[in-house]
Each structure stands twice: as structure tokens, then as C-alpha cells.
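> My questions all concern the structure below.
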There are 2 protein chains.
Amino acid sequence: MESNTKPIAHNHISVDCVVIGFDGTQLQVLLIKRNTQELHDMKLPGSLIYQDEDLDEAAHRTLDTLAGVQIDNLSQFKTYGSHNRTKNSLDTHWLQQAWHQHIERIVTIAYFSTVRQLPRISSQFEATWVPLNNIQELAFDHNTIILDALEHMRMLAITTPSLLFNMLPRKFTILQLRTLFSLVQNRELDVRNFHKKLKQMPYVVSTEEYQKSVSHRAARYYRFDRKIYNKVYGVRAMK
Amino acid sequence: MESNTKPIAHNHISVDCVVIGFDGTQLQVLLIKRNTQELHDMKLPGSLIYQDEDLDEAAHRTLDTLAGVQIDNLSQFKTYGSHNRTKNSLDTHWLQQAWHQHIERIVTIAYFSTVRQLPRISSQFEATWVPLNNIQELAFDHNTIILDALEHMRMLAITTPSLLFNMLPRKFTILQLRTLFSLVQNRELDVRNFHKKLKQMPYVVSTEEYQKSVSHRAARYYRFDRKIYNKVYGVRAMK
DNA sequence: GCAAAAGTGTTGGGCATACACCCATGA
DNA sequence: TCATGGGTGTATGCCCAACACTTTTGC
């Protein structure tokens, strides 16, 4: 039986959200500016959880209140609970200011989501998009969390390709699609082989629209057909 | 900035461990008997975490103190934090008895590990091995956690095949190996194709030993060569 | 005309699948 | 002699990777 005498930890629990968007050229991540007298850096959107709030709810609330974005495909991917992840004195000081209480360890459940393109963030928020290859040192262990999230994304893209199509505009060119695949898989993709692969995706359908006013041959626009996709992948992957 | 006025949750944090072993025929999971006046069921080995204890440490401690097993490849795979996962009155009553305090929500980080064969559990513990296809209704949401763990195991076996070899005796027959693969992948495997696949695994090396006193042609014993494996898979997968 | 991206087929190798028969051993 | 599992080869289709040239458009 699990009785014991050692002090049980009454730790705080938070959620942190890694939201990734694609601007047509690069992947970008949503970050929050942390501006105090001592601090001028950034962090992932996150929050302690409230009583009687489920983890998923907390993650949604966090993104809504810190950046004004509503997300429908948030899912947790890893939990960080090392008791020295909140040992940096700048971080602990900031925590006290923000939450008006002394906070020791925080166990945080990291959430991941993608968004279509880069939703505009109202200037009332301290949130901003930052290109992935342009991220400075972040608060806590948030750099690590982002790296883990990208690895998670690679896996997710294999099992659930719709993830990637949901990051593109409704009408997209094959170059955009290939750039996105290439970024996520982190490797070069052969142009012709990519076209072949597309032909095997019945849910990528061509439109009759073409680019306009580009200084080269205009590319055809394609779209993602969710109905066909769901038939192919079954109901299990409705997102 | 993330200040707020709502009540912050001071929830409890626990770890629960899904440990899977292979007896040569079936997969089995390590469970703890829960015997009180009202309760005669089982649960996963788990514990609230102590102050200044890392999550991974807590998981190791839990298995050590509840079952006397030391594990070297424990890793978290999912966190469960719904605030009604501890709403069953039998469960809450049991929690009070075990921990001598009123405990509301518990956020639990679920850990997964495999072990070689089925380590014997000393009778001083309330722990026991239970075949996977023989599991009754467990405490809390532990049935769900086990199902998720098995799915996790399937994935892990793809990226890290050593996982499976570390579940077998040092010397094993191909039938044992195939049975294990088949259980984990949850499908039938063709005998001849399986032999072919083995030939492509340089780290499975044949010995000159054969079964004895079996009422059929004696099978050759094979062993797993970790050095060769590490050369093939690189240093990243030393487990 | 030139820069820049669009678009288009063929080939070879590797990997997974399907499938059937003889061998060795103990009871 | 029978029951039980051990052990072996071939043929097919699919997927992936490698690889180069012509087309369209704006400047």
C-alpha cells in the first residue's frame, strides 16, 4: 500500500503551447514577449491551470487570452517536470510578479498545434510570430520544448498528412506544398518525385486558377478536399 | 502578462508506470493489488511525487518500492489530467486512506517500460504480473492508460527494435522472437518472410546451441548482439 | 534573350507479400 | 506413425530515388 511519510509535492501545473504556422516560405512559432525591468526575452504562451479546469481547456484558454487565437487541434505531446527547470533566478522572479505568489517547481504539459498560415495577432497582445530559424534564447526550457515539438510534428505529419494541408492557404501551389513538406521533414525533395506522390493523393485536387503577374510561368493552384481525404483515411482522422 | 485573479489549481502530481514483460508466449503487465474492505481490484504501480523529486526519479522509486524492480528504460508517454479522473468515490476514499489527506484532482504522468522476461516479484509486495488479455476493470483510468501504452509500444518498436530484444531471454528461438513481434504488432507474421527479415538484422546472431528434450525438431538459439546493433543504429539508441 | 520557376517519364533497386514442402524429434 | 514445430526459395508488385529537358512569363 502506498502510504508514506515523506513530504508530498504540491507543485504547480501549467500548460505551454507550441503553435506553428507557415507563411509560404518558413515555419514560424507563436511567442510571448516578456518585458520587465530585468527581462527582455520571449517565452511560449503558457499559464498555470485553474481549479476544475481540464488540461486541454487550460491550453485553449491560454492561447485565447494571451494571443486571441482559437485553436481546434491542440494536443499534448510531452510533460516537463524536472525540479530545476524553474531555477533561473530571472525566471523565478518573473513568476512571482506575474502570479503574486511564491512558486517553486512547475510541471508543465506541452501542447502542440498548427494553424493555417499566420493568423494576425491583435496589437493588444504581447504575442508575435517568430521564424523558427530566428529564435533567441527563451525563458525556462522553452527552447528544448520547441525542438521536441518539431520532432513531434514530423511524426504527426506521417500519420496525419492533413496536418500539413491545414497549414496552407485554401488554394496553394505545389511549390508551397513542397516547401512545407521539405521544412517539416528537414530534407530536400525531388521535384518530379513530389509530383508523382501528389498524383497518389486523390484529396489534392487541381483548380483552374493560376498565379497572376509572376515573372515566370504561372503555377496552378490546388486545393485540399477534406471529404475525399476522410474517405481515404477513415473517420479516425477527421482533423 | 499573465497575471490573473482566478483560483490557481494546486493539484497533486503522480506517476503511473506501465511495465510490460514477455513470458515467451504472452505479454504481461505489472499491477498492484488494492485490497481494502470495499475494494478488491488492481491498479498500475503509481505514486504521488515528493518535493524536489524529478518525475523520472519518482517513476523509478515507485517501481522500486512497490514491486522491488529496478528499470533502466522508463520514459513518459502521456499525461492524464482530466479533473474527473478521480471522481469515482471508491477511488477517492482509497486515496484518503493511502495518503492521509484529502486529494482532489491528480494529474498523472504515465511512464512506459519493458523488462526482460518476467522478473520475479518478492511476496513482500502486493505486485503481480497479469496477462494482457486477462485484465479486469482497474482503478481510475488505468485501463485506458494501458491501452495507450500498448499503442506507444507499437510505435517505439518501429523506431527502436532493441526494445523487443531486451524483452527476450539472452538466448531465444526464432519462434519466441516471432511471437513477440506478432503480439506487439498485433498481426500474423509469415514464417518464411520472418526468417528473411532476420537475415537483414546483422545484430541477431545464431549460436551453436539447440533446444533439448523437445518433442519436435530442436530449434536453434539466437542472441542479440548489442555492439553490432549500436553500429547499425548509431549512438542515439543505446538502450 | 534571359532569368526564374513550372511541369513532365523512365529506370533500377529494395522491400513486403504470398505461398508449400520436407526435416527432426519425442511420445 | 503421428503430432509438433523447425527450417528453407521464388515470384510479384509497390515504393522510392536518381536523373534533364522543355515551357511559360515578365523584365
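All residue names refer to the C-alpha cells as shown: chains lettered A, B, ... in order, residues numbered from 1 in each chain, ligands numbered from 1 in order.
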Pull the closest atom pair for each residue of chain C that gets at most 10 Å from chain A, along with the distance in Å to one decimal, counting only C-alpha atoms (C1' of nucleotides), ordering rows by chain and then ascending residue number, as a Markdown table.


```
| residue | atom | partner | partner_atom | distance |
| --- | --- | --- | --- | --- |
| C:DA3 | C1' | A:His216 | CA | 8.6 |
| C:DA4 | C1' | A:His216 | CA | 5.7 |
| C:DA5 | C1' | A:His216 | CA | 5.8 |
| C:DA6 | C1' | A:Arg217 | CA | 5.9 |
| C:DG7 | C1' | A:Arg192 | CA | 8.6 |
| C:DT8 | C1' | A:Arg192 | CA | 7.6 |
| C:DG9 | C1' | A:Arg192 | CA | 9.2 |
```

> Distance limit 9 Å, atoms considered: only C-alpha atoms. Which chain A residues sit that close to chain B? Return them as a CSV table (one decimal) with N, CA and C atoms, in the first residue's frame.


```csv
chain,number,residue,atom,x,y,z
A,1,MET,N,0.9,-1.2,0.0
A,1,MET,CA,0.0,0.0,0.0
A,1,MET,C,0.9,1.2,0.0
A,2,GLU,N,0.4,2.3,-0.6
A,2,GLU,CA,1.3,3.4,-0.8
A,2,GLU,C,1.2,4.5,0.2
A,3,SER,N,1.2,4.2,1.5
A,3,SER,CA,1.2,5.3,2.4
A,3,SER,C,2.7,5.7,2.6
A,4,ASN,N,3.0,6.8,3.1
A,4,ASN,CA,4.4,7.3,3.2
A,4,ASN,C,4.5,8.4,4.2
A,5,THR,N,5.7,8.8,4.5
A,5,THR,CA,5.9,9.9,5.5
A,5,THR,C,6.6,11.1,4.8
A,6,LYS,N,7.2,10.9,3.7
A,6,LYS,CA,7.9,12.0,3.1
A,6,LYS,C,7.0,13.1,2.6
A,7,PRO,N,7.5,14.3,2.5
A,7,PRO,CA,6.6,15.4,2.1
A,7,PRO,C,6.2,15.2,0.6
A,8,ILE,N,4.9,15.3,0.4
A,8,ILE,CA,4.4,15.2,-0.9
A,8,ILE,C,4.5,16.5,-1.6
A,9,ALA,N,4.8,16.5,-2.9
A,9,ALA,CA,4.9,17.8,-3.6
A,9,ALA,C,3.6,18.3,-3.9
A,10,HIS,N,3.4,19.6,-3.6
A,10,HIS,CA,2.2,20.3,-4.1
A,10,HIS,C,2.6,21.2,-5.2
A,11,ASN,N,3.0,20.7,-6.2
A,11,ASN,CA,3.6,21.5,-7.3
A,11,ASN,C,2.5,22.2,-8.1
A,12,HIS,N,3.0,23.2,-8.8
A,12,HIS,CA,2.0,23.8,-9.7
A,12,HIS,C,2.1,23.1,-11.1
A,13,ILE,N,1.0,23.2,-11.7
A,13,ILE,CA,0.8,22.6,-13.1
A,13,ILE,C,0.5,23.7,-14.1
A,32,ILE,N,5.5,34.8,-26.8
A,32,ILE,CA,5.0,35.9,-26.0
A,32,ILE,C,6.2,36.8,-25.5
A,33,LYS,N,6.1,38.1,-25.7
A,33,LYS,CA,7.2,39.0,-25.2
A,33,LYS,C,7.1,39.1,-23.7
A,34,ARG,N,8.3,39.0,-23.1
A,34,ARG,CA,8.4,39.2,-21.7
A,34,ARG,C,9.2,40.4,-21.4
A,35,ASN,N,8.6,41.5,-21.1
A,35,ASN,CA,9.3,42.8,-20.9
A,35,ASN,C,9.1,43.3,-19.5
A,46,GLY,N,1.9,30.3,-22.2
A,46,GLY,CA,1.6,29.3,-21.2
A,46,GLY,C,0.9,29.9,-20.0
A,47,SER,N,0.4,29.0,-19.2
A,47,SER,CA,-0.3,29.5,-18.0
A,47,SER,C,-0.4,28.4,-17.0
A,48,LEU,N,-0.5,28.8,-15.7
A,48,LEU,CA,-0.9,27.8,-14.7
A,48,LEU,C,-2.3,27.4,-15.0
A,49,ILE,N,-2.7,26.2,-14.5
A,49,ILE,CA,-4.0,25.8,-14.8
A,49,ILE,C,-4.9,26.2,-13.6
A,50,TYR,N,-6.2,26.5,-13.8
A,50,TYR,CA,-7.1,26.8,-12.8
A,50,TYR,C,-7.7,25.6,-12.2
A,51,GLN,N,-8.3,25.8,-11.0
A,51,GLN,CA,-9.0,24.6,-10.4
A,51,GLN,C,-10.2,24.2,-11.3
A,52,ASP,N,-10.4,22.9,-11.3
A,52,ASP,CA,-11.6,22.4,-12.1
A,52,ASP,C,-11.5,22.7,-13.5
A,53,GLU,N,-10.3,22.9,-14.0
A,53,GLU,CA,-10.1,23.1,-15.5
A,53,GLU,C,-9.3,21.9,-16.0
A,54,ASP,N,-9.8,21.4,-17.1
A,54,ASP,CA,-9.0,20.3,-17.7
A,54,ASP,C,-7.8,20.8,-18.4
A,55,LEU,N,-6.8,19.9,-18.6
A,55,LEU,CA,-5.6,20.4,-19.2
A,55,LEU,C,-5.9,21.0,-20.6
A,56,ASP,N,-6.7,20.3,-21.3
A,56,ASP,CA,-6.9,20.7,-22.7
A,56,ASP,C,-7.6,22.1,-22.7
A,65,THR,N,-6.5,33.9,-24.4
A,65,THR,CA,-6.3,35.1,-23.7
A,65,THR,C,-4.9,35.7,-23.9
A,66,LEU,N,-3.9,35.0,-24.3
A,66,LEU,CA,-2.6,35.6,-24.5
A,66,LEU,C,-2.4,36.0,-25.9
A,76,GLN,N,-1.5,17.5,-26.4
A,76,GLN,CA,-0.3,17.4,-25.6
A,76,GLN,C,0.7,16.5,-26.3
A,77,PHE,N,2.0,16.7,-26.1
A,77,PHE,CA,3.0,15.8,-26.6
A,77,PHE,C,4.0,15.4,-25.6
A,78,LYS,N,4.2,16.2,-24.6
A,78,LYS,CA,5.2,15.8,-23.6
A,78,LYS,C,5.1,16.7,-22.3
A,79,THR,N,5.5,16.1,-21.2
A,79,THR,CA,5.4,16.8,-19.9
A,79,THR,C,6.8,17.0,-19.4
A,80,TYR,N,7.0,18.2,-18.9
A,80,TYR,CA,8.3,18.6,-18.4
A,80,TYR,C,8.2,18.9,-16.9
A,81,GLY,N,9.0,18.1,-16.1
A,81,GLY,CA,8.8,18.3,-14.6
A,81,GLY,C,10.1,18.3,-13.8
A,82,SER,N,11.2,18.4,-14.5
A,82,SER,CA,12.4,18.5,-13.7
A,82,SER,C,12.3,19.6,-12.7
A,83,HIS,N,12.8,19.4,-11.5
A,83,HIS,CA,12.6,20.4,-10.5
A,83,HIS,C,13.6,21.5,-10.6
A,84,ASN,N,14.5,21.5,-11.5
A,84,ASN,CA,15.4,22.6,-11.7
A,84,ASN,C,15.1,23.4,-13.0
A,97,GLN,N,6.2,38.0,-9.8
A,97,GLN,CA,5.5,39.2,-10.3
A,97,GLN,C,4.2,38.8,-11.0
A,98,ALA,N,4.3,37.8,-11.9
A,98,ALA,CA,3.1,37.5,-12.7
A,98,ALA,C,2.0,36.9,-11.9
A,99,TRP,N,2.3,36.0,-10.9
A,99,TRP,CA,1.3,35.2,-10.3
A,99,TRP,C,1.1,35.6,-8.8
A,100,HIS,N,1.8,36.6,-8.4
A,100,HIS,CA,1.6,37.1,-7.0
A,100,HIS,C,1.7,36.0,-5.9
A,105,ARG,N,8.6,24.5,-8.1
A,105,ARG,CA,8.6,23.8,-9.3
A,105,ARG,C,7.3,23.9,-10.1
A,107,VAL,N,5.4,21.8,-13.0
A,107,VAL,CA,5.3,20.7,-14.0
A,107,VAL,C,4.5,21.3,-15.2
A,109,ILE,N,2.7,20.8,-19.0
A,109,ILE,CA,2.3,19.9,-20.0
A,109,ILE,C,2.4,20.7,-21.3
A,125,PHE,N,-2.2,42.3,-27.7
A,125,PHE,CA,-1.5,41.2,-27.1
A,125,PHE,C,0.0,41.4,-27.2
A,126,GLU,N,0.8,40.7,-26.3
A,126,GLU,CA,2.2,40.8,-26.4
A,126,GLU,C,2.8,39.6,-27.2
```

> Could you find all residues in range 55-121 of chain A that DSSP calls strand (DSSP E) from the backbone, and write them as a list of chain:residue names?

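Assigned to strand (DSSP E), within range 55-121 of chain A: A:Ser75, A:Gln76, A:Phe77, A:Lys78, A:Thr79, A:Tyr80, A:Ile106, A:Val107, A:Thr108, A:Ile109, A:Ala110, A:Tyr111, A:Phe112, A:Ser113, A:Thr114.
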
> Save out the residues we just selected, all heavy atoms, as a compact mmCIF listing (two decimals), in the first residue's frame.


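What ended up in out_25.txt:
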```
# COMPACT_ATOMS: atom_id res chain seq x y z
N SER A 75 -3.00 19.34 -29.04
CA SER A 75 -2.85 18.07 -28.33
C SER A 75 -1.53 18.05 -27.60
O SER A 75 -0.53 18.58 -28.07
CB SER A 75 -2.96 16.89 -29.30
OG SER A 75 -1.90 16.95 -30.22
N GLN A 76 -1.54 17.45 -26.45
CA GLN A 76 -0.32 17.40 -25.63
C GLN A 76 0.68 16.45 -26.26
O GLN A 76 0.31 15.49 -26.92
CB GLN A 76 -0.64 16.94 -24.21
CG GLN A 76 -1.36 15.60 -24.13
CD GLN A 76 -1.04 14.87 -22.85
OE1 GLN A 76 0.05 14.33 -22.68
NE2 GLN A 76 -1.99 14.80 -21.96
N PHE A 77 1.96 16.74 -26.07
CA PHE A 77 2.95 15.81 -26.62
C PHE A 77 4.03 15.43 -25.62
O PHE A 77 4.68 14.42 -25.77
CB PHE A 77 3.59 16.37 -27.90
CG PHE A 77 4.40 17.62 -27.71
CD1 PHE A 77 5.76 17.54 -27.48
CD2 PHE A 77 3.80 18.86 -27.74
CE1 PHE A 77 6.52 18.69 -27.32
CE2 PHE A 77 4.54 20.02 -27.56
CZ PHE A 77 5.90 19.94 -27.35
N LYS A 78 4.23 16.23 -24.58
CA LYS A 78 5.23 15.83 -23.59
C LYS A 78 5.07 16.66 -22.33
O LYS A 78 4.61 17.80 -22.39
CB LYS A 78 6.65 16.00 -24.16
CG LYS A 78 7.71 15.34 -23.30
CD LYS A 78 9.08 15.28 -23.98
CE LYS A 78 10.13 14.76 -23.02
NZ LYS A 78 11.49 14.82 -23.58
N THR A 79 5.49 16.10 -21.22
CA THR A 79 5.40 16.79 -19.94
C THR A 79 6.79 17.01 -19.37
O THR A 79 7.63 16.11 -19.42
CB THR A 79 4.55 15.96 -18.96
OG1 THR A 79 3.23 15.87 -19.49
CG2 THR A 79 4.50 16.61 -17.59
N TYR A 80 7.02 18.22 -18.87
CA TYR A 80 8.33 18.60 -18.37
C TYR A 80 8.22 18.87 -16.87
O TYR A 80 7.46 19.74 -16.46
CB TYR A 80 8.85 19.84 -19.10
CG TYR A 80 9.00 19.60 -20.58
CD1 TYR A 80 7.90 19.65 -21.42
CD2 TYR A 80 10.23 19.28 -21.12
CE1 TYR A 80 8.02 19.40 -22.78
CE2 TYR A 80 10.37 19.02 -22.48
CZ TYR A 80 9.26 19.09 -23.30
OH TYR A 80 9.39 18.82 -24.63
N ILE A 106 7.37 23.97 -11.34
CA ILE A 106 6.19 23.88 -12.18
C ILE A 106 6.34 22.69 -13.10
O ILE A 106 7.30 22.60 -13.85
CB ILE A 106 6.00 25.14 -13.05
CG1 ILE A 106 5.82 26.37 -12.18
CG2 ILE A 106 4.80 24.97 -13.97
CD1 ILE A 106 5.59 27.62 -12.99
N VAL A 107 5.37 21.81 -13.04
CA VAL A 107 5.30 20.74 -14.02
C VAL A 107 4.46 21.26 -15.17
O VAL A 107 3.33 21.70 -14.97
CB VAL A 107 4.66 19.47 -13.42
CG1 VAL A 107 4.41 18.45 -14.50
CG2 VAL A 107 5.53 18.90 -12.32
N THR A 108 5.00 21.24 -16.36
CA THR A 108 4.23 21.80 -17.46
C THR A 108 3.93 20.74 -18.51
O THR A 108 4.80 19.91 -18.84
CB THR A 108 4.94 22.99 -18.12
OG1 THR A 108 3.97 23.74 -18.86
CG2 THR A 108 6.06 22.57 -19.06
N ILE A 109 2.70 20.76 -18.97
CA ILE A 109 2.30 19.86 -20.05
C ILE A 109 2.37 20.66 -21.34
O ILE A 109 1.69 21.68 -21.49
CB ILE A 109 0.89 19.29 -19.83
CG1 ILE A 109 0.88 18.39 -18.60
CG2 ILE A 109 0.43 18.50 -21.03
CD1 ILE A 109 0.33 19.03 -17.36
N ALA A 110 3.20 20.21 -22.26
CA ALA A 110 3.41 20.95 -23.50
C ALA A 110 2.40 20.50 -24.55
O ALA A 110 2.19 19.30 -24.75
CB ALA A 110 4.82 20.74 -24.01
N TYR A 111 1.78 21.48 -25.18
CA TYR A 111 0.79 21.23 -26.23
C TYR A 111 1.33 21.67 -27.57
O TYR A 111 2.14 22.59 -27.66
CB TYR A 111 -0.51 21.97 -25.92
CG TYR A 111 -1.41 21.21 -24.98
CD1 TYR A 111 -1.14 21.17 -23.63
CD2 TYR A 111 -2.50 20.50 -25.47
CE1 TYR A 111 -1.96 20.46 -22.77
CE2 TYR A 111 -3.33 19.79 -24.62
CZ TYR A 111 -3.05 19.77 -23.27
OH TYR A 111 -3.84 19.05 -22.43
N PHE A 112 0.83 21.03 -28.60
CA PHE A 112 1.26 21.35 -29.95
C PHE A 112 0.05 21.59 -30.83
O PHE A 112 -0.97 20.93 -30.69
CB PHE A 112 2.09 20.20 -30.53
CG PHE A 112 2.39 20.37 -31.98
CD1 PHE A 112 3.42 21.21 -32.39
CD2 PHE A 112 1.64 19.72 -32.95
CE1 PHE A 112 3.70 21.39 -33.73
CE2 PHE A 112 1.92 19.89 -34.29
CZ PHE A 112 2.95 20.73 -34.67
N SER A 113 0.21 22.51 -31.74
CA SER A 113 -0.84 22.73 -32.73
C SER A 113 -0.27 23.45 -33.93
O SER A 113 0.73 24.16 -33.84
CB SER A 113 -1.97 23.55 -32.15
OG SER A 113 -2.79 24.02 -33.18
N THR A 114 -0.90 23.28 -35.04
CA THR A 114 -0.58 24.08 -36.22
C THR A 114 -1.75 25.02 -36.49
O THR A 114 -2.85 24.81 -35.99
CB THR A 114 -0.39 23.19 -37.45
OG1 THR A 114 -1.55 22.39 -37.62
CG2 THR A 114 0.82 22.29 -37.28
```

> Find the residues of chain D in contact range of chain A, meaning any atom within 7 Å when counting only C-alpha atoms (C1' of nucleotides), and list them as a compact mmCIF listing (two decimals) with C-alpha atoms (C1' of nucleotides), in the first residue's frame.


```txt
# COMPACT_ATOMS: atom_id res chain seq x y z
C1' DT D 24 5.84 29.97 -69.90
C1' DT D 25 6.17 34.57 -68.37
C1' DG D 26 7.91 39.23 -67.08
```

> Would you kindly return, as an MDAnalysis selection string, each protein, DNA or RNA residue with an atom no farther than 6 Å from any atom of Lys171 in chain A, considering only C-alpha atoms (C1' of nucleotides) and excluding same-chain residues fewer than 5 positions away?

chainID A and resid 221:223

> What is the distance between CA of Val115 in chain A and CA of Leu198 in chain A, in Å to one decimal?

22.1 Å

> List every residue of range 107-216 of chain A that DSSP, applied to the backbone, labels as alpha helix (DSSP H), and write the result as number ranges by chain.

A: 142-159, 162-165, 174-185, 191-199

> For DC2 in chain D, which residue among C:DC15, C:DT10, C:DA27, C:DC22 is the nearest when counting only C-alpha atoms (C1' of nucleotides)?

C:DA27

> Which distance in Å separates CA of Asn166 in chain B and CA of Arg187 in chain B, to one decimal?

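The value is 20.7 Å.
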
> Go ahead and compute the interatomic distance for CA of Val204 in chain B and C1' of DT4 in chain D, in Å to one decimal.

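If I compute the distance from CA of Val204 in chain B to C1' of DT4 in chain D, I get 25.3 Å.
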
> Any idea what's packed within 12 Å of DT12 in chain D, counting only C-alpha atoms (C1' of nucleotides), ignoring anything in its chain fewer than 6 positions away? Could you give it as JSON, numbers by chain?

{"C": [16, 17, 18, 19]}

> Quick one: residues within 7 Å of range 144-155 of chain B, only C-alpha atoms (C1' of nucleotides) counted, chain neighbours fewer than 2 positions away excluded, as a list of chain:residue names?

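Using only C-alpha atoms (C1' of nucleotides), the neighbours found are B:Val18, B:Phe112, B:Asp141, B:His142, B:Ala157, B:Ile158, B:Thr159, B:Val184, B:Gln185.
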
> At a cut-off of 12 Å, using only C-alpha atoms (C1' of nucleotides), what residues contact Gln200 in chain A? Leave out same-chain residues fewer than 6 positions from it and give the result as a VMD selection string.

(chain A and resid 193 to 194 229 232) or (chain D and resid 15)

> Those residues with N, CA, C and O atoms (P, O5', C5', C4', C3', O3' and C1' of nucleotides), as a PDB file, in the first residue's frame please?


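As written to disk, result.pdb reads:
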```pdb
ATOM      1  N   ASN A 193       9.592  13.598 -58.338  1.00  0.00           N
ATOM      2  CA  ASN A 193       9.059  12.582 -57.442  1.00  0.00           C
ATOM      3  C   ASN A 193       7.924  13.143 -56.592  1.00  0.00           C
ATOM      4  O   ASN A 193       6.961  12.440 -56.279  1.00  0.00           O
ATOM      5  N   PHE A 194       8.041  14.421 -56.291  1.00  0.00           N
ATOM      6  CA  PHE A 194       6.988  15.035 -55.484  1.00  0.00           C
ATOM      7  C   PHE A 194       5.685  15.105 -56.268  1.00  0.00           C
ATOM      8  O   PHE A 194       4.613  14.826 -55.741  1.00  0.00           O
ATOM      9  N   TYR A 229     -10.371  13.129 -48.504  1.00  0.00           N
ATOM     10  CA  TYR A 229      -9.362  12.749 -47.511  1.00  0.00           C
ATOM     11  C   TYR A 229      -9.957  11.853 -46.442  1.00  0.00           C
ATOM     12  O   TYR A 229      -9.390  10.818 -46.091  1.00  0.00           O
ATOM     13  N   VAL A 232     -10.446   8.393 -47.571  1.00  0.00           N
ATOM     14  CA  VAL A 232      -9.193   7.656 -47.668  1.00  0.00           C
ATOM     15  C   VAL A 232      -8.688   7.237 -46.292  1.00  0.00           C
ATOM     16  O   VAL A 232      -8.331   6.083 -46.071  1.00  0.00           O
TER      17      VAL A 232
ATOM     18  P    DC D  15       2.471   1.906 -53.793  1.00  0.00           P
ATOM     19  O5'  DC D  15       3.822   2.421 -53.130  1.00  0.00           O
ATOM     20  C5'  DC D  15       4.429   1.653 -52.073  1.00  0.00           C
ATOM     21  C4'  DC D  15       5.827   2.166 -51.848  1.00  0.00           C
ATOM     22  C3'  DC D  15       5.981   3.655 -52.134  1.00  0.00           C
ATOM     23  O3'  DC D  15       6.779   4.228 -51.111  1.00  0.00           O
ATOM     24  C1'  DC D  15       7.505   2.437 -53.457  1.00  0.00           C
TER      25       DC D  15
END
```
